[in-house]
$ cat entry_6.cif   # mmCIF, C-alpha atoms
data_upload
loop_
_atom_site.group_PDB
_atom_site.id
_atom_site.type_symbol
_atom_site.label_atom_id
_atom_site.label_comp_id
_atom_site.auth_asym_id
_atom_site.auth_seq_id
_atom_site.Cartn_x
_atom_site.Cartn_y
_atom_site.Cartn_z
ATOM 1 C CA SER U 1 -13.074 -112.236 -47.085
ATOM 2 C CA GLN U 2 -16.654 -112.005 -45.847
ATOM 3 C CA PHE U 3 -16.027 -108.287 -45.264
ATOM 4 C CA GLY U 4 -14.546 -107.438 -48.655
ATOM 5 C CA LEU U 5 -15.798 -106.529 -52.105
ATOM 6 C CA ASN U 6 -16.280 -108.983 -54.968
ATOM 7 C CA PRO U 7 -15.825 -108.433 -58.738
ATOM 8 C CA GLU U 8 -19.526 -107.503 -59.098
ATOM 9 C CA ASP U 9 -19.057 -104.712 -56.538
ATOM 10 C CA THR U 10 -16.066 -103.319 -58.423
ATOM 11 C CA ALA U 11 -18.027 -103.492 -61.689
ATOM 12 C CA LEU U 12 -20.893 -101.622 -60.035
ATOM 13 C CA ILE U 13 -18.530 -98.832 -58.904
ATOM 14 C CA ASP U 14 -17.055 -98.566 -62.438
ATOM 15 C CA ASP U 15 -20.565 -98.380 -63.887
ATOM 16 C CA VAL U 16 -21.690 -95.633 -61.496
ATOM 17 C CA ILE U 17 -18.550 -93.613 -62.301
ATOM 18 C CA ALA U 18 -19.295 -94.043 -66.021
ATOM 19 C CA ARG U 19 -23.036 -93.297 -65.650
ATOM 20 C CA PRO U 20 -23.536 -91.238 -62.478
ATOM 21 C CA ASN U 21 -26.909 -90.053 -61.216
ATOM 22 C CA GLU U 22 -26.977 -86.263 -60.939
ATOM 23 C CA ASN U 23 -30.584 -86.067 -59.740
ATOM 24 C CA LEU U 24 -30.420 -86.501 -55.968
ATOM 25 C CA LYS U 25 -32.009 -83.156 -55.041
ATOM 26 C CA TYR U 26 -35.682 -82.210 -55.160
ATOM 27 C CA SER U 27 -35.118 -78.489 -54.726
ATOM 28 C CA THR U 28 -32.283 -76.008 -54.314
ATOM 29 C CA LEU U 29 -30.209 -76.733 -51.214
ATOM 30 C CA ARG U 30 -30.115 -73.793 -48.834
ATOM 31 C CA THR U 31 -27.949 -72.886 -45.862
ATOM 32 C CA LEU U 32 -28.688 -71.258 -42.533
ATOM 33 C CA GLU U 33 -25.881 -69.395 -40.751
ATOM 34 C CA LEU U 34 -26.009 -69.964 -36.990
ATOM 35 C CA PRO U 35 -23.488 -68.640 -34.437
ATOM 36 C CA ASP U 36 -21.849 -72.070 -34.062
ATOM 37 C CA ALA U 37 -22.650 -73.720 -37.404
ATOM 38 C CA THR U 38 -23.732 -73.271 -40.984
ATOM 39 C CA VAL U 39 -26.426 -75.851 -41.668
ATOM 40 C CA CYS U 40 -27.323 -77.041 -45.161
ATOM 41 C CA PHE U 41 -30.928 -78.186 -45.644
ATOM 42 C CA GLU U 42 -33.503 -79.063 -48.277
ATOM 43 C CA ASP U 43 -37.202 -78.212 -48.208
ATOM 44 C CA ILE U 44 -39.102 -80.852 -50.216
ATOM 45 C CA PRO U 45 -42.737 -80.134 -51.093
ATOM 46 C CA PRO U 46 -45.500 -82.742 -50.750
ATOM 47 C CA LEU U 47 -47.144 -84.300 -53.805
ATOM 48 C CA GLY U 48 -50.593 -82.772 -53.425
ATOM 49 C CA GLU U 49 -52.168 -80.915 -50.537
ATOM 50 C CA GLU U 50 -50.000 -80.397 -47.481
ATOM 51 C CA VAL U 51 -51.143 -82.073 -44.242
ATOM 52 C CA GLY U 52 -48.042 -81.576 -42.103
ATOM 53 C CA THR U 53 -44.253 -81.540 -41.992
ATOM 54 C CA LEU U 54 -41.658 -84.193 -41.178
ATOM 55 C CA LEU U 55 -38.035 -83.458 -40.294
ATOM 56 C CA MET U 56 -35.672 -86.277 -41.359
ATOM 57 C CA LEU U 57 -32.384 -86.740 -39.467
ATOM 58 C CA HIS U 58 -29.588 -88.961 -40.819
ATOM 59 C CA GLY U 59 -27.052 -91.213 -39.089
ATOM 60 C CA LEU U 60 -23.399 -90.907 -38.072
ATOM 61 C CA GLY U 61 -21.150 -89.828 -40.938
ATOM 62 C CA GLN U 62 -24.089 -89.916 -43.401
ATOM 63 C CA THR U 63 -25.776 -86.929 -45.065
ATOM 64 C CA MET U 64 -29.311 -85.876 -45.989
ATOM 65 C CA PHE U 65 -29.003 -88.027 -49.136
ATOM 66 C CA SER U 66 -29.089 -91.213 -47.064
ATOM 67 C CA PHE U 67 -32.889 -90.700 -47.179
ATOM 68 C CA ARG U 68 -33.560 -92.360 -50.511
ATOM 69 C CA PRO U 69 -36.320 -91.423 -52.970
ATOM 70 C CA TYR U 70 -38.229 -94.666 -52.279
ATOM 71 C CA PHE U 71 -38.258 -93.808 -48.555
ATOM 72 C CA LEU U 72 -39.432 -90.216 -49.073
ATOM 73 C CA LYS U 73 -42.078 -90.937 -51.714
ATOM 74 C CA PRO U 74 -44.847 -92.431 -49.481
ATOM 75 C CA PHE U 75 -44.639 -89.429 -47.127
ATOM 76 C CA ARG U 76 -44.798 -86.959 -50.010
ATOM 77 C CA GLU U 77 -47.757 -88.843 -51.504
ATOM 78 C CA ALA U 78 -49.537 -88.676 -48.138
ATOM 79 C CA GLY U 79 -49.187 -84.877 -48.142
ATOM 80 C CA TYR U 80 -46.109 -84.360 -45.987
ATOM 81 C CA ARG U 81 -43.622 -81.609 -46.624
ATOM 82 C CA ILE U 82 -40.149 -82.970 -45.805
ATOM 83 C CA ILE U 83 -37.193 -81.082 -44.412
ATOM 84 C CA ARG U 84 -33.844 -82.889 -44.406
ATOM 85 C CA LEU U 85 -30.454 -81.512 -43.458
ATOM 86 C CA ASP U 86 -26.748 -82.250 -43.142
ATOM 87 C CA PHE U 87 -25.539 -82.386 -39.533
ATOM 88 C CA LYS U 88 -22.441 -80.416 -38.622
ATOM 89 C CA GLY U 89 -19.383 -82.336 -39.834
ATOM 90 C CA VAL U 90 -20.858 -83.681 -43.084
ATOM 91 C CA GLY U 91 -22.191 -82.692 -46.488
ATOM 92 C CA GLU U 92 -22.409 -78.983 -47.096
ATOM 93 C CA SER U 93 -22.888 -78.019 -43.464
ATOM 94 C CA ASP U 94 -19.844 -76.782 -41.522
ATOM 95 C CA TRP U 95 -17.161 -79.362 -40.862
ATOM 96 C CA ALA U 96 -15.262 -78.823 -37.628
ATOM 97 C CA PRO U 97 -11.642 -78.697 -38.785
ATOM 98 C CA ASP U 98 -10.364 -77.217 -35.500
ATOM 99 C CA TRP U 99 -11.832 -80.002 -33.387
ATOM 100 C CA GLY U 100 -11.567 -78.806 -29.822
ATOM 101 C CA LYS U 101 -12.859 -75.763 -28.015
ATOM 102 C CA PRO U 102 -15.010 -74.016 -29.104
ATOM 103 C CA ASP U 103 -15.735 -76.341 -32.012
ATOM 104 C CA LYS U 104 -16.643 -79.488 -30.062
ATOM 105 C CA PHE U 105 -20.342 -80.216 -30.352
ATOM 106 C CA ASN U 106 -22.694 -82.855 -29.009
ATOM 107 C CA LEU U 107 -26.117 -84.198 -29.957
ATOM 108 C CA LYS U 108 -27.882 -81.413 -28.074
ATOM 109 C CA ASP U 109 -26.179 -78.908 -30.380
ATOM 110 C CA LEU U 110 -27.301 -80.914 -33.417
ATOM 111 C CA ALA U 111 -30.853 -80.959 -31.986
ATOM 112 C CA ARG U 112 -30.745 -77.177 -31.498
ATOM 113 C CA HIS U 113 -29.392 -76.594 -35.038
ATOM 114 C CA SER U 114 -32.222 -78.750 -36.428
ATOM 115 C CA MET U 115 -34.857 -76.895 -34.406
ATOM 116 C CA LEU U 116 -33.466 -73.531 -35.596
ATOM 117 C CA VAL U 117 -33.748 -74.628 -39.240
ATOM 118 C CA MET U 118 -37.451 -75.365 -38.632
ATOM 119 C CA GLU U 119 -37.859 -72.026 -36.852
ATOM 120 C CA TYR U 120 -36.174 -70.263 -39.770
ATOM 121 C CA LEU U 121 -38.740 -71.899 -42.105
ATOM 122 C CA SER U 122 -41.584 -70.743 -39.787
ATOM 123 C CA ILE U 123 -42.676 -74.346 -39.201
ATOM 124 C CA LYS U 124 -44.174 -74.364 -35.723
ATOM 125 C CA LYS U 125 -45.162 -78.034 -35.373
ATOM 126 C CA TYR U 126 -43.600 -81.092 -36.970
ATOM 127 C CA GLY U 127 -42.883 -84.777 -36.572
ATOM 128 C CA VAL U 128 -39.266 -85.948 -36.357
ATOM 129 C CA VAL U 129 -37.926 -89.113 -38.008
ATOM 130 C CA GLY U 130 -34.348 -90.062 -37.104
ATOM 131 C CA ILE U 131 -32.164 -92.987 -38.172
ATOM 132 C CA SER U 132 -29.376 -94.302 -35.892
ATOM 133 C CA MET U 133 -27.550 -91.196 -34.553
ATOM 134 C CA GLY U 134 -30.349 -89.151 -36.127
ATOM 135 C CA GLY U 135 -32.766 -91.078 -33.907
ATOM 136 C CA MET U 136 -30.754 -89.943 -30.879
ATOM 137 C CA VAL U 137 -30.946 -86.319 -32.074
ATOM 138 C CA ALA U 138 -34.684 -86.784 -32.698
ATOM 139 C CA GLN U 139 -35.083 -88.043 -29.117
ATOM 140 C CA HIS U 140 -33.301 -84.936 -27.801
ATOM 141 C CA MET U 141 -35.606 -82.731 -29.885
ATOM 142 C CA ALA U 142 -38.737 -84.471 -28.590
ATOM 143 C CA ILE U 143 -37.516 -84.060 -24.990
ATOM 144 C CA GLU U 144 -36.252 -80.484 -25.272
ATOM 145 C CA TYR U 145 -38.839 -78.944 -27.628
ATOM 146 C CA PRO U 146 -42.143 -80.552 -26.565
ATOM 147 C CA ASP U 147 -44.116 -77.545 -27.838
ATOM 148 C CA LYS U 148 -42.789 -78.090 -31.370
ATOM 149 C CA VAL U 149 -42.300 -81.844 -31.913
ATOM 150 C CA THR U 150 -45.625 -83.626 -32.470
ATOM 151 C CA SER U 151 -44.336 -87.176 -33.030
ATOM 152 C CA LEU U 152 -41.107 -89.143 -32.707
ATOM 153 C CA THR U 153 -39.883 -91.974 -34.925
ATOM 154 C CA SER U 154 -36.621 -93.489 -33.680
ATOM 155 C CA ILE U 155 -35.140 -95.979 -36.153
ATOM 156 C CA MET U 156 -32.312 -98.409 -35.204
ATOM 157 C CA SER U 157 -31.258 -96.077 -32.417
ATOM 158 C CA SER U 158 -30.574 -96.014 -28.663
ATOM 159 C CA PRO U 159 -31.455 -93.997 -25.536
ATOM 160 C CA PHE U 160 -27.706 -93.945 -24.788
ATOM 161 C CA PHE U 161 -25.341 -96.003 -26.908
ATOM 162 C CA PHE U 162 -22.641 -96.013 -24.209
ATOM 163 C CA SER U 163 -24.940 -97.154 -21.387
ATOM 164 C CA PRO U 164 -23.244 -99.828 -19.230
ATOM 165 C CA ASP U 165 -26.585 -101.718 -19.243
ATOM 166 C CA LEU U 166 -26.680 -102.040 -23.028
ATOM 167 C CA PRO U 167 -24.538 -104.153 -25.374
ATOM 168 C CA ASP U 168 -21.468 -102.590 -26.933
ATOM 169 C CA ILE U 169 -20.593 -102.742 -30.651
ATOM 170 C CA PRO U 170 -20.290 -106.468 -31.446
ATOM 171 C CA ARG U 171 -16.771 -107.819 -31.898
ATOM 172 C CA ARG U 172 -17.570 -109.076 -35.401
ATOM 173 C CA PHE U 173 -18.482 -105.541 -36.492
ATOM 174 C CA VAL U 174 -15.329 -104.046 -34.947
ATOM 175 C CA LEU U 175 -13.211 -106.662 -36.756
ATOM 176 C CA GLY U 176 -15.051 -105.937 -39.996
ATOM 177 C CA ILE U 177 -14.414 -102.192 -39.786
ATOM 178 C CA GLY U 178 -10.769 -102.892 -38.917
ATOM 179 C CA PHE U 179 -10.427 -105.102 -41.975
ATOM 180 C CA ILE U 180 -12.102 -102.509 -44.233
ATOM 181 C CA LEU U 181 -9.818 -99.732 -42.971
ATOM 182 C CA LEU U 182 -6.811 -101.945 -43.577
ATOM 183 C CA ILE U 183 -7.801 -102.954 -47.118
ATOM 184 C CA TYR U 184 -9.783 -99.976 -48.398
ATOM 185 C CA GLY U 185 -8.686 -97.205 -46.044
ATOM 186 C CA ARG U 186 -5.340 -96.729 -47.787
ATOM 187 C CA ASP U 187 -6.658 -95.151 -50.948
ATOM 188 C CA LEU U 188 -9.087 -92.523 -49.693
ATOM 189 C CA LYS U 189 -7.689 -89.853 -52.004
ATOM 190 C CA SER U 190 -9.155 -91.205 -55.256
ATOM 191 C CA LEU U 191 -12.844 -91.246 -56.173
ATOM 192 C CA LYS U 192 -12.802 -95.012 -56.730
ATOM 193 C CA GLY U 193 -10.962 -95.597 -53.433
ATOM 194 C CA LYS U 194 -13.575 -93.581 -51.523
ATOM 195 C CA MET U 195 -16.413 -95.444 -53.229
ATOM 196 C CA LYS U 196 -14.848 -98.848 -52.457
ATOM 197 C CA TYR U 197 -14.518 -97.902 -48.790
ATOM 198 C CA LYS U 198 -18.135 -96.663 -48.636
ATOM 199 C CA LEU U 199 -19.466 -99.817 -50.304
ATOM 200 C CA ALA U 200 -17.471 -102.115 -47.999
ATOM 201 C CA VAL U 201 -18.910 -100.286 -44.962
ATOM 202 C CA ALA U 202 -22.455 -100.415 -46.384
ATOM 203 C CA LYS U 203 -22.145 -104.178 -46.887
ATOM 204 C CA ILE U 204 -21.256 -104.961 -43.270
ATOM 205 C CA LEU U 205 -24.363 -103.061 -42.108
ATOM 206 C CA HIS U 206 -26.501 -105.644 -43.921
ATOM 207 C CA GLY U 207 -28.574 -108.007 -41.781
ATOM 208 C CA ASN U 208 -29.604 -111.463 -42.931
ATOM 209 C CA LYS U 209 -28.560 -111.816 -46.580
ATOM 210 C CA ASN U 210 -32.046 -112.813 -47.802
ATOM 211 C CA TYR U 211 -32.793 -109.414 -49.318
ATOM 212 C CA SER U 212 -30.941 -107.032 -51.567
ATOM 213 C CA TYR U 213 -30.022 -103.586 -50.336
ATOM 214 C CA GLY U 214 -29.673 -101.722 -53.628
ATOM 215 C CA TYR U 215 -26.025 -100.749 -53.432
ATOM 216 C CA ARG U 216 -26.234 -98.751 -56.654
ATOM 217 C CA GLN U 217 -27.976 -95.923 -54.787
ATOM 218 C CA SER U 218 -25.290 -96.006 -52.091
ATOM 219 C CA MET U 219 -22.645 -95.639 -54.766
ATOM 220 C CA GLU U 220 -24.549 -92.934 -56.659
ATOM 221 C CA THR U 221 -24.721 -90.982 -53.420
ATOM 222 C CA ALA U 222 -21.018 -91.534 -52.731
ATOM 223 C CA TRP U 223 -20.150 -90.311 -56.253
ATOM 224 C CA TYR U 224 -22.359 -87.250 -55.797
ATOM 225 C CA GLU U 225 -20.865 -86.357 -52.401
ATOM 226 C CA VAL U 226 -17.315 -86.497 -53.806
ATOM 227 C CA MET U 227 -17.923 -84.917 -57.219
ATOM 228 C CA ARG U 228 -20.680 -82.385 -56.517
ATOM 229 C CA ARG U 229 -20.352 -81.582 -52.839
ATOM 230 C CA LYS U 230 -17.529 -81.324 -50.280
ATOM 231 C CA GLY U 231 -16.756 -85.047 -50.169
ATOM 232 C CA PHE U 232 -16.289 -87.074 -46.980
ATOM 233 C CA ASN U 233 -14.893 -85.756 -43.717
ATOM 234 C CA SER U 234 -12.325 -88.306 -42.481
ATOM 235 C CA LYS U 235 -12.606 -87.002 -38.901
ATOM 236 C CA VAL U 236 -16.377 -87.126 -38.606
ATOM 237 C CA ARG U 237 -16.706 -90.683 -37.294
ATOM 238 C CA ASP U 238 -14.755 -89.745 -34.171
ATOM 239 C CA GLN U 239 -16.487 -86.359 -33.898
ATOM 240 C CA HIS U 240 -19.993 -87.829 -34.121
ATOM 241 C CA SER U 241 -19.048 -90.628 -31.682
ATOM 242 C CA TYR U 242 -17.847 -87.970 -29.233
ATOM 243 C CA ALA U 243 -21.124 -86.054 -29.757
ATOM 244 C CA ILE U 244 -23.109 -89.194 -28.874
ATOM 245 C CA LYS U 245 -21.080 -89.903 -25.741
ATOM 246 C CA LYS U 246 -20.972 -86.307 -24.514
ATOM 247 C CA ALA U 247 -24.752 -85.805 -24.788
ATOM 248 C CA GLY U 248 -25.331 -88.468 -22.121
ATOM 249 C CA SER U 249 -28.372 -90.653 -21.514
ATOM 250 C CA ARG U 250 -31.912 -89.708 -22.573
ATOM 251 C CA GLU U 251 -33.650 -92.432 -20.530
ATOM 252 C CA GLU U 252 -35.172 -90.075 -17.968
ATOM 253 C CA GLY U 253 -36.122 -87.487 -20.568
ATOM 254 C CA LEU U 254 -37.843 -90.084 -22.746
ATOM 255 C CA ARG U 255 -40.044 -91.095 -19.802
ATOM 256 C CA THR U 256 -41.550 -87.583 -19.837
ATOM 257 C CA LEU U 257 -42.755 -87.720 -23.465
ATOM 258 C CA LYS U 258 -46.464 -87.262 -24.127
ATOM 259 C CA ILE U 259 -46.414 -87.500 -27.932
ATOM 260 C CA PRO U 260 -47.063 -90.432 -30.272
ATOM 261 C CA ALA U 261 -43.808 -92.359 -30.700
ATOM 262 C CA LEU U 262 -42.613 -95.309 -32.745
ATOM 263 C CA VAL U 263 -39.408 -97.332 -32.381
ATOM 264 C CA ILE U 264 -38.244 -99.356 -35.414
ATOM 265 C CA HIS U 265 -35.314 -101.771 -35.240
ATOM 266 C CA GLY U 266 -33.898 -104.688 -37.196
ATOM 267 C CA LYS U 267 -33.495 -107.914 -35.245
ATOM 268 C CA GLU U 268 -30.285 -108.601 -37.201
ATOM 269 C CA ASP U 269 -28.771 -105.139 -36.690
ATOM 270 C CA PRO U 270 -24.997 -105.808 -36.586
ATOM 271 C CA LEU U 271 -24.044 -102.411 -35.109
ATOM 272 C CA VAL U 272 -26.766 -101.144 -32.740
ATOM 273 C CA LEU U 273 -28.131 -104.389 -31.301
ATOM 274 C CA ILE U 274 -31.894 -104.780 -30.892
ATOM 275 C CA ALA U 275 -31.569 -104.402 -27.104
ATOM 276 C CA HIS U 276 -31.000 -100.666 -27.721
ATOM 277 C CA GLY U 277 -34.276 -100.369 -29.629
ATOM 278 C CA LYS U 278 -36.170 -102.320 -26.972
ATOM 279 C CA LYS U 279 -34.735 -100.072 -24.252
ATOM 280 C CA THR U 280 -35.742 -96.941 -26.182
ATOM 281 C CA ALA U 281 -39.323 -98.216 -26.480
ATOM 282 C CA GLU U 282 -39.403 -99.240 -22.823
ATOM 283 C CA CYS U 283 -38.552 -95.670 -21.776
ATOM 284 C CA ILE U 284 -41.260 -93.929 -23.852
ATOM 285 C CA PRO U 285 -44.836 -94.030 -22.519
ATOM 286 C CA ASN U 286 -47.315 -95.733 -24.914
ATOM 287 C CA CYS U 287 -44.601 -96.275 -27.501
ATOM 288 C CA GLU U 288 -45.369 -98.351 -30.595
ATOM 289 C CA THR U 289 -42.734 -100.742 -31.911
ATOM 290 C CA LEU U 290 -41.809 -102.430 -35.171
ATOM 291 C CA PHE U 291 -39.054 -105.019 -34.750
ATOM 292 C CA ILE U 292 -38.188 -106.612 -38.084
ATOM 293 C CA ASP U 293 -36.742 -110.100 -38.680
ATOM 294 C CA ASP U 294 -33.647 -110.233 -40.908
ATOM 295 C CA LEU U 295 -33.217 -106.437 -41.070
ATOM 296 C CA GLY U 296 -29.733 -104.967 -40.526
ATOM 297 C CA HIS U 297 -28.621 -101.394 -39.867
ATOM 298 C CA HIS U 298 -30.246 -99.677 -42.841
ATOM 299 C CA VAL U 299 -33.601 -99.089 -44.552
ATOM 300 C CA PRO U 300 -33.607 -101.217 -47.721
ATOM 301 C CA GLU U 301 -36.353 -101.138 -50.329
ATOM 302 C CA ALA U 302 -37.371 -104.690 -49.362
ATOM 303 C CA PHE U 303 -38.735 -103.415 -46.016
ATOM 304 C CA ASN U 304 -39.639 -99.896 -47.110
ATOM 305 C CA GLU U 305 -43.403 -100.384 -47.346
ATOM 306 C CA GLU U 306 -43.569 -101.918 -43.876
ATOM 307 C CA ILE U 307 -41.375 -99.185 -42.345
ATOM 308 C CA THR U 308 -42.921 -96.134 -44.027
ATOM 309 C CA GLY U 309 -46.427 -97.566 -43.527
ATOM 310 C CA ALA U 310 -45.874 -97.902 -39.779
ATOM 311 C CA ILE U 311 -44.513 -94.350 -39.550
ATOM 312 C CA LEU U 312 -47.435 -92.909 -41.525
ATOM 313 C CA ASN U 313 -49.987 -94.769 -39.378
ATOM 314 C CA MET U 314 -48.424 -93.353 -36.223
ATOM 315 C CA VAL U 315 -47.968 -89.835 -37.602
ATOM 316 C CA LYS U 316 -51.585 -89.693 -38.803
ATOM 317 C CA ARG U 317 -52.679 -90.251 -35.216
ATOM 318 C CA THR U 318 -50.905 -87.082 -34.154
ATOM 319 C CA THR U 319 -53.845 -85.180 -32.769
ATOM 320 C CA ALA U 320 -52.421 -81.691 -33.166
ATOM 321 C CA ILE U 321 -52.417 -81.651 -36.954
ATOM 322 C CA VAL U 322 -51.529 -78.031 -37.209
ATOM 323 C CA SER U 323 -51.244 -76.468 -40.618
ATOM 324 C CA THR U 324 -47.663 -75.438 -41.190
ATOM 325 C CA LYS U 325 -48.407 -73.224 -44.165
ATOM 326 C CA ARG U 326 -46.573 -69.937 -44.186
#
$ encode --input "entry_6.cif" --output "structure tokens"
Amino acid sequence: SQFGLNPEDTALIDDVIARPNENLKYSTLRTLELPDATVCFEDIPPLGEEVGTLLMLHGLGQTMFSFRPYFLKPFREAGYRIIRLDFKGVGESDWAPDWGKPDKFNLKDLARHSMLVMEYLSIKKYGVVGISMGGMVAQHMAIEYPDKVTSLTSIMSSPFFFSPDLPDIPRRFVLGIGFILLIYGRDLKSLKGKMKYKLAVAKILHGNKNYSYGYRQSMETAWYEVMRRKGFNSKVRDQHSYAIKKAGSREEGLRTLKIPALVIHGKEDPLVLIAHGKKTAECIPNCETLFIDDLGHHVPEAFNEEITGAILNMVKRTTAIVSTKR
């Protein structure tokens, strides 16, 4: 099937299991205990003199390790300290096993947790870069903490995914996920079963097939999450979807922004259609955009220079370059 794995994919998984990559961290992961969550984060130093700080926020069901080394490197080389974290429900942050009151959370809670991590690190001003659901959390942060957030980068995201004015998840994608659950969702107890499922999902997020995504890194991350961290939370897709819905629309809030902002979106995004990115940009005053031909719902190395270059250009124009040194 067009949605399934081929023999090369299975060979890749076997190879990663035989030769895993243990080096996904840059520094010791730390945790912050908050009243309603324990949040795991990593504080990554710049390569050279520090010019500012960027907070990186991952997508639905992902973790901080979805920000790959090739993506982080240009920011570190430009002097940016990077903070990345695991949202509640994934990685080594709290999962919400007793889903329901008082454990139900929405994007505003995730925005508050992220802000409190920065406060804990005594970082007073910072830019926020969010991918997919992380872009939605980044938007909330920019709206709710205007004295702290100096720039907003919203990548393949939406001002409100459930807006009646915006397209829903395409039928092809829904069918693809259904197929993957049917074929690969049965064996989610074994390491190999989990990796097969993760790879099948990663493949349907691909846009036009004219570029390679580098699935080895996806599989190295999947191995690491299962073998060195808490693994994958089977309930998190529904929990994060609820969090997105419950937080409501940000359209009005985005219209109040006075900071530099950039919206990046793939024209071939199979999950969050480009209309969502265009709507986000339309809502933000003086927003810059980068809409990329062929790109799907991910940040592959093939487009990394274009994407990170656009973010750095925008971030450098942030007038309030405030030193964040402790």
$ closest_residue --input "entry_6.cif" --among "U:Tyr145, U:Trp95, U:Tyr126, U:Phe41" --to "U:Phe65" --atoms "only C-alpha atoms"
U:Phe41
$ closest_residue --input "entry_6.cif" --among "U:Gly134, U:Gly207, U:Gly100, U:Gly231" --to "U:Pro159" --atoms "all atoms listed in the file"
U:Gly134
$ residues_around --input "entry_6.cif" --residues "stretch 299-305 of chain U" --least-positions-apart "5" --cutoff "8 Å" --atoms "all atoms listed in the file" --output "PDB file with C-alpha atoms, keeping the file's coordinate frame"
ATOM      1  CA  TYR U  70     -38.229 -94.666 -52.279  1.00  0.00           C
ATOM      2  CA  PHE U  71     -38.258 -93.808 -48.555  1.00  0.00           C
ATOM      3  CA  TYR U 211     -32.793-109.414 -49.318  1.00  0.00           C
ATOM      4  CA  SER U 212     -30.941-107.032 -51.567  1.00  0.00           C
ATOM      5  CA  TYR U 213     -30.022-103.586 -50.336  1.00  0.00           C
ATOM      6  CA  GLY U 214     -29.673-101.722 -53.628  1.00  0.00           C
TER       7      GLY U 214
END
$ resolve_selection --input "entry_6.cif" --expression "the PyMOL selection byres ((chain U and resi 61) around 9)" --output "list in words"
His58, Gly59, Leu60, Gln62, Thr63, Phe87, Gly89, Val90, Phe232, Asn233, Val236, Arg237 and His240 of chain U
$ closest_residue --input "entry_6.cif" --among "U:Tyr184, U:Tyr80, U:Phe162, U:Tyr120" --to "U:Leu32" --atoms "all atoms listed in the file"
U:Tyr120
$ residues_around --input "entry_6.cif" --residues "U:Asp103" --least-positions-apart "5" --cutoff "10 Å" --atoms "all atoms listed in the file" --output "list in words"
Asp36, Ala37, Trp95, Ala96, Pro97 and Asp98 of chain U
$ resolve_selection --input "entry_6.cif" --expression "the PyMOL selection byres ((chain U and resi 273-289) around 8)" --output "ChimeraX atom specification"
/U:155-159,161,166-167,169,251-252,254-258,260-272,290-291
$ atom_distance --input "entry_6.cif" --atom1 "atom CA of U:Pro69" --atom2 "atom CA of U:Asn21"
12.6 Å
$ closest_residue --input "entry_6.cif" --among "U:Ala247, U:Met227, U:Val39, U:Leu34" --to "U:His140" --atoms "only C-alpha atoms"
U:Ala247
$ closest_atom_pairs --input "entry_6.cif" --of "stretch 240-313 of chain U" --to "stretch 197-203 of chain U" --cutoff "10 Å" --atoms "all atoms listed in the file" --output "CSV"
residue,atom,partner,partner_atom,distance
U:Gly296,CA,U:Lys203,CA,9.9
U:His297,CA,U:Ala202,CA,9.0
U:His298,CA,U:Ala202,CA,8.6
$ write_last_selection --input "entry_6.cif" --atoms "C-alpha atoms" --output "PDB file, in the coordinates of the input"
ATOM      1  CA  GLY U 296     -29.733-104.967 -40.526  1.00  0.00           C
ATOM      2  CA  HIS U 297     -28.621-101.394 -39.867  1.00  0.00           C
ATOM      3  CA  HIS U 298     -30.246 -99.677 -42.841  1.00  0.00           C
TER       4      HIS U 298
END
$ resolve_selection --input "entry_6.cif" --expression "the PyMOL selection byres ((chain U and resi 42-57) around 7)" --output "list in words"
Tyr26, Ser27, Thr28, Leu29, Arg30, Phe41, His58, Gly59, Arg76, Glu77, Gly79, Tyr80, Arg81, Ile82, Ile83, Arg84, Leu85, Tyr126, Gly127, Val128, Val129, Gly130, Ile131, Gly134, Ile321, Val322, Ser323 and Thr324 of chain U
$ atom_distance --input "entry_6.cif" --atom1 "atom CA of U:Val137" --atom2 "atom CA of U:Arg229"
23.8 Å
